[in-house]
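Below: one structure, written as structure tokens.
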Amino acid sequence: MPYNHKTIEKKWQERWAKEGAFVAADKVKPNKKKYILDMFPYPSGAGLHVGHPEGYTATDIYSRYLRMKGYQVLHPMGWDAFGLPAENYAIKSGVHPKESTDNNIKTFTRQIKSLGFSYDWTREVNTSSPDYYKWTQWLFLQLYKHGLAYKKAAPVNWCADCQTVLANEQVVAGACERCHNKVVQKNLEQWFFKITGSGKHGSYPERLLSNLEKLDWPEPIKTMQRNWIGRSEGVEIEFRVQSSEFRDKVDFVLLHGFNGDSQGVFFPWLKGEIEKRGFKVVAPDLPNPEQPTEEEQVGYVLKNIQFDENTILFGHSLGAAVALKVAEKLKTKIRGLVLAGGFSSPKFKDKSRPFHNTFNWEFDFEKIKKSAGFIKILSDRNDYAVRIEQGKFLHENLGGELIETESQEPHFTANQEPVILNSLVPSIKVFTTRPDTLFGATYMVLAPEHALVRELKNQIENWSEVEKYIKKAAAKTQLERTDLAKEKTGVELKGVKAINPGNGEEVPIWIADYVLSSYGTGAIMAVPAHDERDFEFAKKYNLPIREVVIKKYGEVLPNAMPRDVAHAITIKGDKVLLVFNKKINEYQLPGGRIEAKENPEATLLREFTEETGYDHIHIEEYLGQIEQNYNFAPENVNNHRLCKVYKVKILDDHNIGLAESDKDKLEVVWVDAAEAIQHFARGSWKGTEEFITRSGGKYGLCYFGNGVMINSGEFNGLSNEEAKWKITKKVGGQKAIQYKLRDWLISRQRYWGAPIPIIYCDKCARLRQGFGGQSEHPVPEEDLPVVLPTDVDFRPKGESPLARSKSFHKVKCPKCGSAARRESDTMDTFVDSSWYFLRYTDPKNKKEFAGKDKIKTWLPVDTYVGGAEHAVLHLMYARFIYMALCDLGFIETKIKRVALQKALSKNSTPNDEPFLSLRNQGLILGPDGQKMSKSRGNVINPDEVIEQFGADTMRLYEMFMGPLEDAKPWDTNGIVGVRRFLERVWEMGKFQVSSFQPKAGQPLADKFQDKKREVNRELHKLIKKVGDDIVSFNFNTAVSQFMIFVNAVYKIGEISQEHLELFLKVLNPFAPHIANELWSKLGHKGLLEKETWPKYNASLLVEDEVTYAVQVNGKVRSSVTVAADADEDEVARVATKNAKVAKYLTGKKITKQIFVPGRLINFVVK
RNA sequence: GCCCGGGUGGCGAAAUGGUAUACGCACAACACUUAAAAUGUUGCGCCGCAAGGCUUGCGAGUUCGAGUCUCGCCCCGGGCACCA
């Protein structure tokens, strides 16, 4: 009977389904469960790709193996069914996304089932079904309630032509991928998940990073996640801003407001911060704060506080009114007046405040203006007590500076208000990982968006130029600012300077868009000598470059005196000009010692001419300095050289000959650069070789390695690592950790996704207006799901199609019952896929996203298999969501067990991680080695492969192609080899030995004949190898081993039924249809899946005889076969007798003999 | 530019520091056949008639012994991209 895959495969697939062979029971002992997960597919219109079954086969083999090993295995499949392609298809064809998606799912289901995978189909999930997305919405609400979901304005990619927001992936070279229109940046209100936030068990970025160590994931994936999180450890250092207001000592008087005191709101913090900077601060408690009167409070201040020309008077809220009155009555002029949230009248809306009648609301603005050197008015855009108009009113009458801002809490009521501190003592905080280079910070750069830029507006002399630059930067898209910004640009803020806290130097402040507002503090100290970007910028704008860390060669030797030297690198073509010192037989760079107080450049030019004779020369560039420590052998002197290197150019060949003293000693030579590098890389000139490369490079003297400190005052001579913390300590820097990771933007202005369950109510907003309240309400959980409407026009018109569906849009406010509107954005599909693996455990639960007990039974996932393209996004998001759910108490992890594990081993796995072990599958390329695509016409259709060769062949071939994680081309010829193998398996019954017929029921024969023993040994090798390879996911070599076994049986020509049965058990996970068919042909009624995995007998694996390789001096000369238990002497005896070997031994003496048991013997001879 | 992978026959690939090229494809010969296909058996890295020599991207190093470890370089694939 020929091997007919079609009938066989259909037959067994039906039987598995009928018997529910792969339904996972929820009742299982914790150590007997395995959760084996595939990344669920997006059911695209193109149908299953040959790439899908690769990972699915791997997990299927593993799952089937584990079941045979006695595990209860959860192995589910579902559909990541929301997403853009279905919607785009709807726009094009008019077919509703639900319809096309359902059709695609049908196709996918049929195709996946035709491969005979052992999924538990009773647990199928579909993210686009309301039963599912109800819980996606529920998840959103949980995060929202705990402050992990929030809304803010964010720049998005906007295509004006398509009238839609685009994902970054849809922006190709700055243009819309569909219409090629230019994409612009637009600020829209967007929802975010706070992945940068913290939960019950700590900060998410920190946990996402540190947990990685304990996960059994491919190292490249972990690296990618680490890079994505981008943790850097550094310090925050503050640079004071020096402007005309601040030249010498000043005193501060801080006045609190209505109902407050000096311990309220930000006052203690502010006082402390100002005092830290070395100023005197008075912050009085004003009398009767609950029922204040002007007479009492102003009188108190005037009576108890001394004002002079150094005083800066600050008032908050009603304190500002007090301050104004004080200023009005002052006899001496004060330095300045700063008002935050200041009252200009006691009216709030229509109502009067309690202090309405106890203050006089007429101000003598002219008098106040005269008594204060400068005036600053801070006005909060979100202020409910003092409207922004009041700030404007004050500004109109007082002049000075109006700073419109958004404070931390409305009306400046937070514990810390940096804006106020900056208005009093302006400063720039920077984040740096290199505090050791502080003395080399020769300028500052702020991001164009930095708040301080606006705050300093009045001090900035070239404001119009600065403003122009800010606007230009804002107009650039993210892409332009990164991709296209090859050349750095910037503008200096003229009229303001920063003070370098290291050396007290005044340095210029610039704005430039190479500094990102979203990272660190949005400001940097620029150290051009030790940072490429700063170097490039400094070169372009001619800013000073100061080296503070130089590379050190060797350790300082005893009695070595420091000596300054200057040397020249002169390059012509690929030759370097050197002088050869004949006396000491050494190549040197022209140049020499700089005497005390001597100008290094003058020294160099003089020495250069003396040593080379060239006198028409000039110094092109300073390349940097290094420290060299060595013993100068000819004189036995310990040298400690500080070597400055310059690039020198010879202008013409004019040469006056060497100086008398050097004539006999030196010889001028032009040497290949490569050779010169060799000369210097060793000996006393070590280190100078680097400058030969540097002199040609883009970054000249820029050096970012470690070394020894120079130009850094009291820190000179320290190692830079040591200087890091010493300098930080000196300037009061704070340790800080920064991440590249940003919050997750989940809003999509799209239809085919889960609606965000939020309702906006105007009435509630009006009621709360002015108090900083929000008009958004979460949809009550009992009202979930918020169902997608079907009466929708998908054509993109600049907002979510949902916004145009009235039936969807209109809703009653859950709080006040009046007319309200729904949020019309939907969620990113990554939200759907960030928790699907939890739903599989309890897919039909109507009350919970999944029952706690079910989660506890199955999670975490033991093995997760999918493409490396999800290395960052999906895997990061899913980990975050799982962690958050753990923190919120929805996932009860096996704390006890894990705690015990932790106690026992450091390698315990964290209990807030969903995927313990991850394996990647590689891409399957077209037969031409290119990525499969319709346009290339190299797509392999899995349906056709199954039709022609069968599912078992396809499964086996995909495993045989190569390592799972590698990209590999589909070989249309190659698959026939696998098919041939299965044909040979099919025919193997013809070798069956009749005496082992099952009906006979005979006991096993005591003695195997030789042939049977040989088959037995091969079989046990197979069992071991295949089992090991499945566990380690080396499926390709497992398939090879099957072939080796079958080849052996064909050669031996005999196999017993028992051996055949064992073979089929091992084959079953790989090719389950044919294995079951042959199993039943051997007379078995039950499914092969119910059998247990055979054990191998290690003692059977030992061969009777072993072949040793015989080497002479490490070269293989022959091989000898000896009994397996032969010892070293025996092997040596046989080997030396071997004719081929003897040839190499005669007349030689064996000095050494290396013996590797079972492998080789090596004779080392002389 | 930076960070990961990876370079082994004509091709897909295999090799705890221990006989490089297992297994498969392609190719060749033979058997079966009137013939072809299928199947089975055998051969198959390169140079050489042979003895023998050479061979894991290139160059050095460690070692009795290197595809495997170390350093430098070249090429291919992937990720990140002004992250201070």
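Residue numbers start at 1 in each chain; chains themselves are named A, B, ... in the order of the structure tokens; ligands are numbered from 1 in the order shown.
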
Each residue of chain B with at least one atom at most 9 Å from chain A should appear once, together with its nearest atom pair and the corresponding distance in Å (one decimal); atoms considered: only C-alpha atoms (C1' of nucleotides); ordering: chain, then increasing residue number; output as a tab-separated table.
```
residue	atom	partner	partner_atom	distance
B:C3	C1'	A:Asn227	CA	8.2
B:C4	C1'	A:Pro220	CA	5.8
B:G5	C1'	A:Pro220	CA	7.6
B:G12	C1'	A:Met961	CA	6.2
B:A13	C1'	A:Gly962	CA	6.5
B:A14	C1'	A:Thr1037	CA	7.7
B:G18	C1'	A:Leu1160	CA	6.5
B:U19	C1'	A:Ala1109	CA	5.1
B:A22	C1'	A:Ser1040	CA	8.3
B:C23	C1'	A:Ser1040	CA	4.6
B:G24	C1'	A:Gly977	CA	6.1
B:C25	C1'	A:Gly974	CA	5.1
B:A26	C1'	A:Asn973	CA	8.6
B:C64	C1'	A:Val1164	CA	6.0
B:G65	C1'	A:Gly1114	CA	4.9
B:G79	C1'	A:Met224	CA	7.0
B:C80	C1'	A:Asn227	CA	7.7
B:A81	C1'	A:Thr482	CA	7.9
B:C82	C1'	A:Tyr514	CA	5.3
B:C83	C1'	A:Lys740	CA	5.8
B:A84	C1'	A:Thr432	CA	5.7
```

Output for the residues just chosen: N, CA and C atoms (P, O5', C5', C4', C3', O3' and C1' of nucleotides) as a tab-separated table (two decimals), in the first residue's frame:
```
chain	number	residue	atom	x	y	z
B	3	C	P	30.36	49.34	19.93
B	3	C	O5'	29.03	48.54	20.27
B	3	C	C5'	28.29	48.82	21.46
B	3	C	C4'	26.98	48.06	21.40
B	3	C	C3'	27.10	46.62	20.96
B	3	C	O3'	27.59	45.80	22.00
B	3	C	C1'	25.33	47.63	19.79
B	4	C	P	28.21	44.37	21.63
B	4	C	O5'	26.89	43.49	21.68
B	4	C	C5'	26.84	42.35	20.89
B	4	C	C4'	25.40	42.01	20.57
B	4	C	C3'	25.31	40.78	19.69
B	4	C	O3'	25.31	39.62	20.50
B	4	C	C1'	24.13	42.52	18.65
B	5	G	P	26.58	38.63	20.42
B	5	G	O5'	26.06	37.51	19.43
B	5	G	C5'	26.14	37.77	18.05
B	5	G	C4'	24.99	37.18	17.34
B	5	G	C3'	25.47	36.22	16.24
B	5	G	O3'	25.36	34.88	16.67
B	5	G	C1'	24.36	38.06	15.27
B	12	G	P	23.98	27.66	1.22
B	12	G	O5'	22.88	26.71	1.89
B	12	G	C5'	21.50	27.04	1.79
B	12	G	C4'	20.68	26.08	2.62
B	12	G	C3'	21.14	25.92	4.06
B	12	G	O3'	20.72	26.99	4.87
B	12	G	C1'	20.70	23.80	3.13
B	13	A	P	21.60	27.41	6.11
B	13	A	O5'	21.52	26.11	7.02
B	13	A	C5'	22.61	25.71	7.85
B	13	A	C4'	22.55	24.22	7.99
B	13	A	C3'	23.46	23.67	9.07
B	13	A	O3'	22.75	23.59	10.29
B	13	A	C1'	23.87	22.55	7.02
B	14	A	P	23.50	23.77	11.65
B	14	A	O5'	24.38	22.45	11.77
B	14	A	C5'	23.71	21.22	11.92
B	14	A	C4'	24.68	20.11	12.18
B	14	A	C3'	25.71	20.34	13.26
B	14	A	O3'	25.11	20.20	14.53
B	14	A	C1'	26.71	19.24	11.43
B	18	G	P	36.59	19.35	21.29
B	18	G	O5'	37.49	18.29	20.53
B	18	G	C5'	37.98	18.59	19.23
B	18	G	C4'	38.87	17.46	18.76
B	18	G	C3'	38.27	16.08	18.96
B	18	G	O3'	38.77	15.24	17.92
B	18	G	C1'	40.25	16.26	20.23
B	19	U	P	37.91	15.00	16.61
B	19	U	O5'	38.94	14.08	15.83
B	19	U	C5'	40.24	14.54	15.53
B	19	U	C4'	40.61	14.08	14.15
B	19	U	C3'	39.63	14.51	13.06
B	19	U	O3'	40.36	14.72	11.87
B	19	U	C1'	39.76	12.18	13.10
B	22	A	P	29.76	14.47	5.60
B	22	A	O5'	28.87	13.60	6.59
B	22	A	C5'	29.47	12.79	7.58
B	22	A	C4'	28.56	12.65	8.78
B	22	A	C3'	27.08	12.42	8.47
B	22	A	O3'	26.79	11.06	8.21
B	22	A	C1'	27.29	14.10	10.10
B	23	C	P	25.93	10.66	6.96
B	23	C	O5'	24.59	11.51	7.12
B	23	C	C5'	23.56	11.09	8.01
B	23	C	C4'	22.40	12.07	7.94
B	23	C	C3'	21.93	12.40	6.53
B	23	C	O3'	21.06	11.41	6.01
B	23	C	C1'	22.20	14.41	7.73
B	24	G	P	21.09	11.08	4.45
B	24	G	O5'	20.45	12.39	3.82
B	24	G	C5'	19.06	12.65	4.00
B	24	G	C4'	18.73	14.04	3.52
B	24	G	C3'	18.99	14.31	2.04
B	24	G	O3'	18.00	13.75	1.21
B	24	G	C1'	19.76	16.13	3.33
B	25	C	P	18.35	13.38	-0.27
B	25	C	O5'	18.54	14.82	-0.94
B	25	C	C5'	17.42	15.68	-1.12
B	25	C	C4'	17.87	16.98	-1.72
B	25	C	C3'	18.51	16.88	-3.10
B	25	C	O3'	17.53	16.74	-4.11
B	25	C	C1'	19.80	18.31	-1.75
B	26	A	P	17.79	15.77	-5.32
B	26	A	O5'	19.00	16.53	-6.07
B	26	A	C5'	18.78	17.80	-6.69
B	26	A	C4'	20.09	18.38	-7.16
B	26	A	C3'	20.91	17.46	-8.06
B	26	A	O3'	20.49	17.55	-9.40
B	26	A	C1'	22.29	18.33	-6.36
B	64	C	P	51.74	23.15	24.77
B	64	C	O5'	51.52	22.15	23.56
B	64	C	C5'	52.64	21.55	22.91
B	64	C	C4'	52.15	20.46	21.98
B	64	C	C3'	50.98	20.85	21.09
B	64	C	O3'	51.43	21.52	19.93
B	64	C	C1'	50.50	18.79	22.13
B	65	G	P	50.66	22.80	19.46
B	65	G	O5'	49.24	22.20	19.05
B	65	G	C5'	49.17	21.36	17.90
B	65	G	C4'	47.79	20.77	17.78
B	65	G	C3'	46.64	21.77	17.73
B	65	G	O3'	46.50	22.30	16.44
B	65	G	C1'	46.11	20.03	19.23
B	79	G	P	15.93	45.50	11.46
B	79	G	O5'	16.43	45.95	12.90
B	79	G	C5'	15.78	45.47	14.07
B	79	G	C4'	16.53	45.92	15.29
B	79	G	C3'	16.62	47.43	15.48
B	79	G	O3'	15.44	47.96	16.03
B	79	G	C1'	18.74	46.49	15.82
B	80	C	P	14.98	49.44	15.62
B	80	C	O5'	16.07	50.34	16.36
B	80	C	C5'	16.09	50.41	17.79
B	80	C	C4'	17.29	51.18	18.26
B	80	C	C3'	17.40	52.61	17.76
B	80	C	O3'	16.54	53.50	18.45
B	80	C	C1'	19.50	51.58	17.57
B	81	A	P	15.67	54.56	17.56
B	81	A	O5'	16.76	55.65	17.19
B	81	A	C5'	17.55	56.22	18.20
B	81	A	C4'	18.89	56.55	17.60
B	81	A	C3'	18.93	57.85	16.83
B	81	A	O3'	19.13	58.88	17.78
B	81	A	C1'	20.27	56.16	15.80
B	82	C	P	18.87	60.43	17.37
B	82	C	O5'	19.70	60.89	18.68
B	82	C	C5'	20.88	60.15	19.01
B	82	C	C4'	22.02	61.13	19.13
B	82	C	C3'	21.90	62.00	20.37
B	82	C	O3'	23.12	61.97	21.07
B	82	C	C1'	22.32	63.30	18.43
B	83	C	P	23.50	60.69	21.90
B	83	C	O5'	22.39	60.53	23.02
B	83	C	C5'	22.38	61.39	24.14
B	83	C	C4'	21.63	60.71	25.27
B	83	C	C3'	22.00	59.24	25.47
B	83	C	O3'	22.03	58.97	26.84
B	83	C	C1'	19.69	59.43	24.96
B	84	A	P	23.38	58.40	27.42
B	84	A	O5'	24.35	59.64	27.55
B	84	A	C5'	24.32	60.45	28.67
B	84	A	C4'	25.09	61.70	28.39
B	84	A	C3'	24.97	62.77	29.46
B	84	A	O3'	25.90	62.57	30.51
B	84	A	C1'	24.52	63.73	27.38
```

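Within the 10 Å cut-off around G9 in chain B, using only C-alpha atoms (C1' of nucleotides) and omitting residues fewer than 3 positions from it on the same chain, the listed residues are B:U21, B:C44, B:G45, B:C46.
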
Prev. selection, N, CA, C and O atoms (P, O5', C5', C4', C3', O3' and C1' of nucleotides), output as a PDB file, in the first residue's frame:
```
ATOM      1  P     U B  21      35.039  14.663   8.433  1.00  0.00           P
ATOM      2  O5'   U B  21      33.891  15.521   7.769  1.00  0.00           O
ATOM      3  C5'   U B  21      32.683  15.835   8.494  1.00  0.00           C
ATOM      4  C4'   U B  21      31.908  16.836   7.689  1.00  0.00           C
ATOM      5  C3'   U B  21      31.456  16.321   6.339  1.00  0.00           C
ATOM      6  O3'   U B  21      30.167  15.736   6.502  1.00  0.00           O
ATOM      7  C1'   U B  21      32.384  18.530   6.175  1.00  0.00           C
ATOM      8  P     C B  44      33.978   8.911  -1.361  1.00  0.00           P
ATOM      9  O5'   C B  44      33.558  10.292  -2.012  1.00  0.00           O
ATOM     10  C5'   C B  44      34.223  10.783  -3.188  1.00  0.00           C
ATOM     11  C4'   C B  44      33.467  11.966  -3.734  1.00  0.00           C
ATOM     12  C3'   C B  44      33.155  13.059  -2.714  1.00  0.00           C
ATOM     13  O3'   C B  44      34.265  13.920  -2.568  1.00  0.00           O
ATOM     14  C1'   C B  44      31.217  12.584  -3.985  1.00  0.00           C
ATOM     15  P     G B  45      34.785  14.260  -1.089  1.00  0.00           P
ATOM     16  O5'   G B  45      34.926  15.850  -1.174  1.00  0.00           O
ATOM     17  C5'   G B  45      33.776  16.663  -1.397  1.00  0.00           C
ATOM     18  C4'   G B  45      34.202  18.104  -1.410  1.00  0.00           C
ATOM     19  C3'   G B  45      35.427  18.373  -2.279  1.00  0.00           C
ATOM     20  O3'   G B  45      35.029  18.700  -3.589  1.00  0.00           O
ATOM     21  C1'   G B  45      35.799  19.234  -0.107  1.00  0.00           C
ATOM     22  P     C B  46      35.940  18.260  -4.823  1.00  0.00           P
ATOM     23  O5'   C B  46      37.204  19.221  -4.696  1.00  0.00           O
ATOM     24  C5'   C B  46      37.073  20.630  -4.929  1.00  0.00           C
ATOM     25  C4'   C B  46      38.397  21.301  -4.699  1.00  0.00           C
ATOM     26  C3'   C B  46      39.563  20.693  -5.456  1.00  0.00           C
ATOM     27  O3'   C B  46      39.630  21.168  -6.789  1.00  0.00           O
ATOM     28  C1'   C B  46      40.190  21.018  -3.207  1.00  0.00           C
TER      29        C B  46
END
```

Strand (DSSP E) per DSSP on the backbone: members of range 249-470 of chain A, as a PyMOL selection string: chain A and resi 251-255+280-282+311-316+334-340+347-348+351-352+372-380+401-405+427-432+443-446

Write a file of the selected residues as a short mmCIF file (atom, residue, chain, number, x, y, z; two decimals), in the first residue's frame, keeping N, CA and C atoms.
```cif
data_model
loop_
_atom_site.label_atom_id
_atom_site.label_comp_id
_atom_site.auth_asym_id
_atom_site.auth_seq_id
_atom_site.Cartn_x
_atom_site.Cartn_y
_atom_site.Cartn_z
N ASP A 251 19.64 89.08 49.48
CA ASP A 251 18.81 88.48 50.52
C ASP A 251 17.40 88.29 49.97
N PHE A 252 16.73 87.30 50.50
CA PHE A 252 15.37 87.03 50.01
C PHE A 252 14.35 87.17 51.15
N VAL A 253 13.21 87.74 50.82
CA VAL A 253 12.09 87.78 51.75
C VAL A 253 10.93 87.07 51.06
N LEU A 254 10.41 86.04 51.70
CA LEU A 254 9.34 85.24 51.08
C LEU A 254 8.05 85.41 51.87
N LEU A 255 7.00 85.84 51.19
CA LEU A 255 5.73 86.07 51.89
C LEU A 255 4.68 85.06 51.44
N LYS A 280 20.82 84.53 52.13
CA LYS A 280 20.05 84.65 53.36
C LYS A 280 18.57 84.72 52.99
N VAL A 281 17.75 84.03 53.75
CA VAL A 281 16.32 84.02 53.45
C VAL A 281 15.52 84.32 54.71
N VAL A 282 14.55 85.20 54.59
CA VAL A 282 13.60 85.42 55.67
C VAL A 282 12.22 85.03 55.15
N THR A 311 17.87 93.29 48.53
CA THR A 311 16.74 92.43 48.87
C THR A 311 15.91 92.08 47.63
N ILE A 312 15.55 90.80 47.56
CA ILE A 312 14.55 90.41 46.57
C ILE A 312 13.32 89.97 47.36
N LEU A 313 12.20 90.61 47.09
CA LEU A 313 10.96 90.36 47.81
C LEU A 313 10.06 89.48 46.97
N PHE A 314 9.61 88.38 47.58
CA PHE A 314 8.76 87.44 46.86
C PHE A 314 7.43 87.26 47.58
N GLY A 315 6.34 87.25 46.86
CA GLY A 315 5.05 86.99 47.47
C GLY A 315 4.23 86.00 46.66
N HIS A 316 3.57 85.10 47.38
CA HIS A 316 2.73 84.11 46.72
C HIS A 316 1.27 84.38 47.06
N ILE A 334 14.66 98.34 46.57
CA ILE A 334 15.11 96.95 46.69
C ILE A 334 15.53 96.41 45.33
N ARG A 335 16.24 95.27 45.38
CA ARG A 335 16.76 94.66 44.15
C ARG A 335 15.65 94.22 43.20
N GLY A 336 14.66 93.55 43.75
CA GLY A 336 13.62 93.06 42.86
C GLY A 336 12.37 92.60 43.58
N LEU A 337 11.33 92.45 42.81
CA LEU A 337 10.03 92.02 43.33
C LEU A 337 9.53 90.88 42.45
N VAL A 338 9.21 89.75 43.07
CA VAL A 338 8.73 88.60 42.31
C VAL A 338 7.39 88.16 42.86
N LEU A 339 6.38 88.07 42.00
CA LEU A 339 5.03 87.73 42.43
C LEU A 339 4.59 86.44 41.74
N ALA A 340 4.06 85.50 42.54
CA ALA A 340 3.55 84.26 41.95
C ALA A 340 2.09 84.11 42.32
N LYS A 347 -11.51 89.46 43.60
CA LYS A 347 -12.65 88.78 42.98
C LYS A 347 -12.22 87.43 42.44
N PHE A 348 -13.04 86.45 42.71
CA PHE A 348 -12.84 85.15 42.05
C PHE A 348 -14.14 84.84 41.35
N LYS A 351 -17.56 86.10 42.69
CA LYS A 351 -17.59 86.17 44.15
C LYS A 351 -16.37 86.89 44.71
N SER A 352 -16.57 87.52 45.81
CA SER A 352 -15.47 88.17 46.49
C SER A 352 -14.85 87.20 47.48
N ALA A 372 11.40 98.95 43.00
CA ALA A 372 11.99 97.63 42.73
C ALA A 372 12.87 97.68 41.49
N GLY A 373 14.06 97.13 41.62
CA GLY A 373 15.00 97.12 40.50
C GLY A 373 14.46 96.31 39.32
N PHE A 374 13.91 95.16 39.63
CA PHE A 374 13.24 94.39 38.56
C PHE A 374 11.96 93.81 39.10
N ILE A 375 11.08 93.48 38.23
CA ILE A 375 9.79 92.90 38.63
C ILE A 375 9.52 91.68 37.75
N LYS A 376 9.15 90.58 38.41
CA LYS A 376 8.76 89.39 37.66
C LYS A 376 7.37 88.97 38.13
N ILE A 377 6.51 88.64 37.20
CA ILE A 377 5.16 88.19 37.54
C ILE A 377 4.97 86.79 36.97
N LEU A 378 4.75 85.84 37.86
CA LEU A 378 4.54 84.46 37.42
C LEU A 378 3.05 84.18 37.41
N SER A 379 2.56 83.70 36.29
CA SER A 379 1.13 83.48 36.15
C SER A 379 0.91 82.05 35.68
N ASP A 380 0.07 81.33 36.38
CA ASP A 380 -0.16 79.92 36.06
C ASP A 380 -1.36 79.77 35.15
N GLU A 401 8.67 91.61 33.87
CA GLU A 401 8.65 90.38 33.10
C GLU A 401 7.43 89.55 33.47
N LEU A 402 6.67 89.15 32.49
CA LEU A 402 5.52 88.27 32.76
C LEU A 402 5.90 86.86 32.32
N ILE A 403 5.87 85.93 33.28
CA ILE A 403 6.20 84.55 32.95
C ILE A 403 4.91 83.73 33.03
N GLU A 404 4.38 83.40 31.87
CA GLU A 404 3.18 82.55 31.86
C GLU A 404 3.64 81.10 31.84
N THR A 405 3.12 80.31 32.72
CA THR A 405 3.68 78.98 32.89
C THR A 405 2.61 78.00 33.34
N SER A 427 18.72 78.82 37.39
CA SER A 427 19.81 77.86 37.26
C SER A 427 19.46 76.83 36.20
N ILE A 428 20.45 76.13 35.77
CA ILE A 428 20.26 75.08 34.77
C ILE A 428 20.72 73.78 35.39
N LYS A 429 19.82 72.85 35.43
CA LYS A 429 20.19 71.54 35.94
C LYS A 429 20.55 70.68 34.74
N VAL A 430 21.67 69.97 34.83
CA VAL A 430 22.04 69.08 33.73
C VAL A 430 22.20 67.67 34.27
N PHE A 431 21.99 66.72 33.38
CA PHE A 431 22.29 65.33 33.70
C PHE A 431 23.55 64.96 32.95
N THR A 432 24.49 64.34 33.65
CA THR A 432 25.69 63.90 32.96
C THR A 432 26.19 62.58 33.53
N TYR A 443 30.71 75.34 27.66
CA TYR A 443 29.44 76.02 27.34
C TYR A 443 28.28 75.11 27.73
N MET A 444 27.09 75.69 27.75
CA MET A 444 25.90 74.93 28.09
C MET A 444 25.00 74.90 26.87
N VAL A 445 24.20 73.84 26.77
CA VAL A 445 23.20 73.84 25.71
C VAL A 445 21.85 73.44 26.29
N LEU A 446 20.84 74.24 25.99
CA LEU A 446 19.47 73.90 26.37
C LEU A 446 18.72 73.42 25.14
#
```

Of the listed residues A:Met561, A:Ile195, A:Ala160, A:Ala674, that which approaches Val637 in chain A most closely, counting only C-alpha atoms: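 Among A:Met561, A:Ile195, A:Ala160, A:Ala674, it is A:Met561 that comes nearest to Val637 in chain A.
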
Report as a ChimeraX atom specification all protein, DNA and RNA residues lying within 12 Å of U39 in chain B, evaluated on only C-alpha atoms (C1' of nucleotides), omitting residues in the same chain fewer than 2 positions from it. /A:980,983-984,987 /B:31-33,37,41

So which residues touch Leu873 in chain A within 10 Å, counting only C-alpha atoms (C1' of nucleotides), skipping near sequence neighbours fewer than 2 positions away, as a ChimeraX atom specification? /A:225,228,744,830,834,869-871,875-879

Alpha helix (DSSP H) positions in range 145-340 of chain A, given as a ChimeraX atom specification: /A:145,204-210,219-229,267-276,294-304,318-329

Show me, as a PyMOL selection string, the residues that have an atom within 10 Å of Thr609 in chain A when counting only C-alpha atoms (C1' of nucleotides), minus same-chain residues fewer than 2 positions from it. chain A and resi 590-591+604-607+611-617+655-659

Name the residues in contact with G6 in chain B at a cut-off of 12 Å, using only C-alpha atoms (C1' of nucleotides), excluding same-chain residues fewer than 5 positions from it; report them as a ChimeraX atom specification. /A:966-967 /B:57,75-78

Please list as JSON, numbers by chain every residue within 6 Å of Glu506 in chain A, counting only C-alpha atoms (C1' of nucleotides) and excluding residues in the same chain fewer than 3 positions away. {"A": [497, 498, 499]}

Quick check, in Å to one decimal: how far apart do CA of Leu578 in chain A and CA of Thr688 in chain A lie?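 Between CA of Leu578 in chain A and CA of Thr688 in chain A the gap works out to 12.0 Å.
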
Interatomic distance, CA of Val945 in chain A to CA of Met39 in chain A (Å, one decimal): 22.8 Å

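Going from CA of Arg822 in chain A to CA of Phe808 in chain A covers 7.3 Å.
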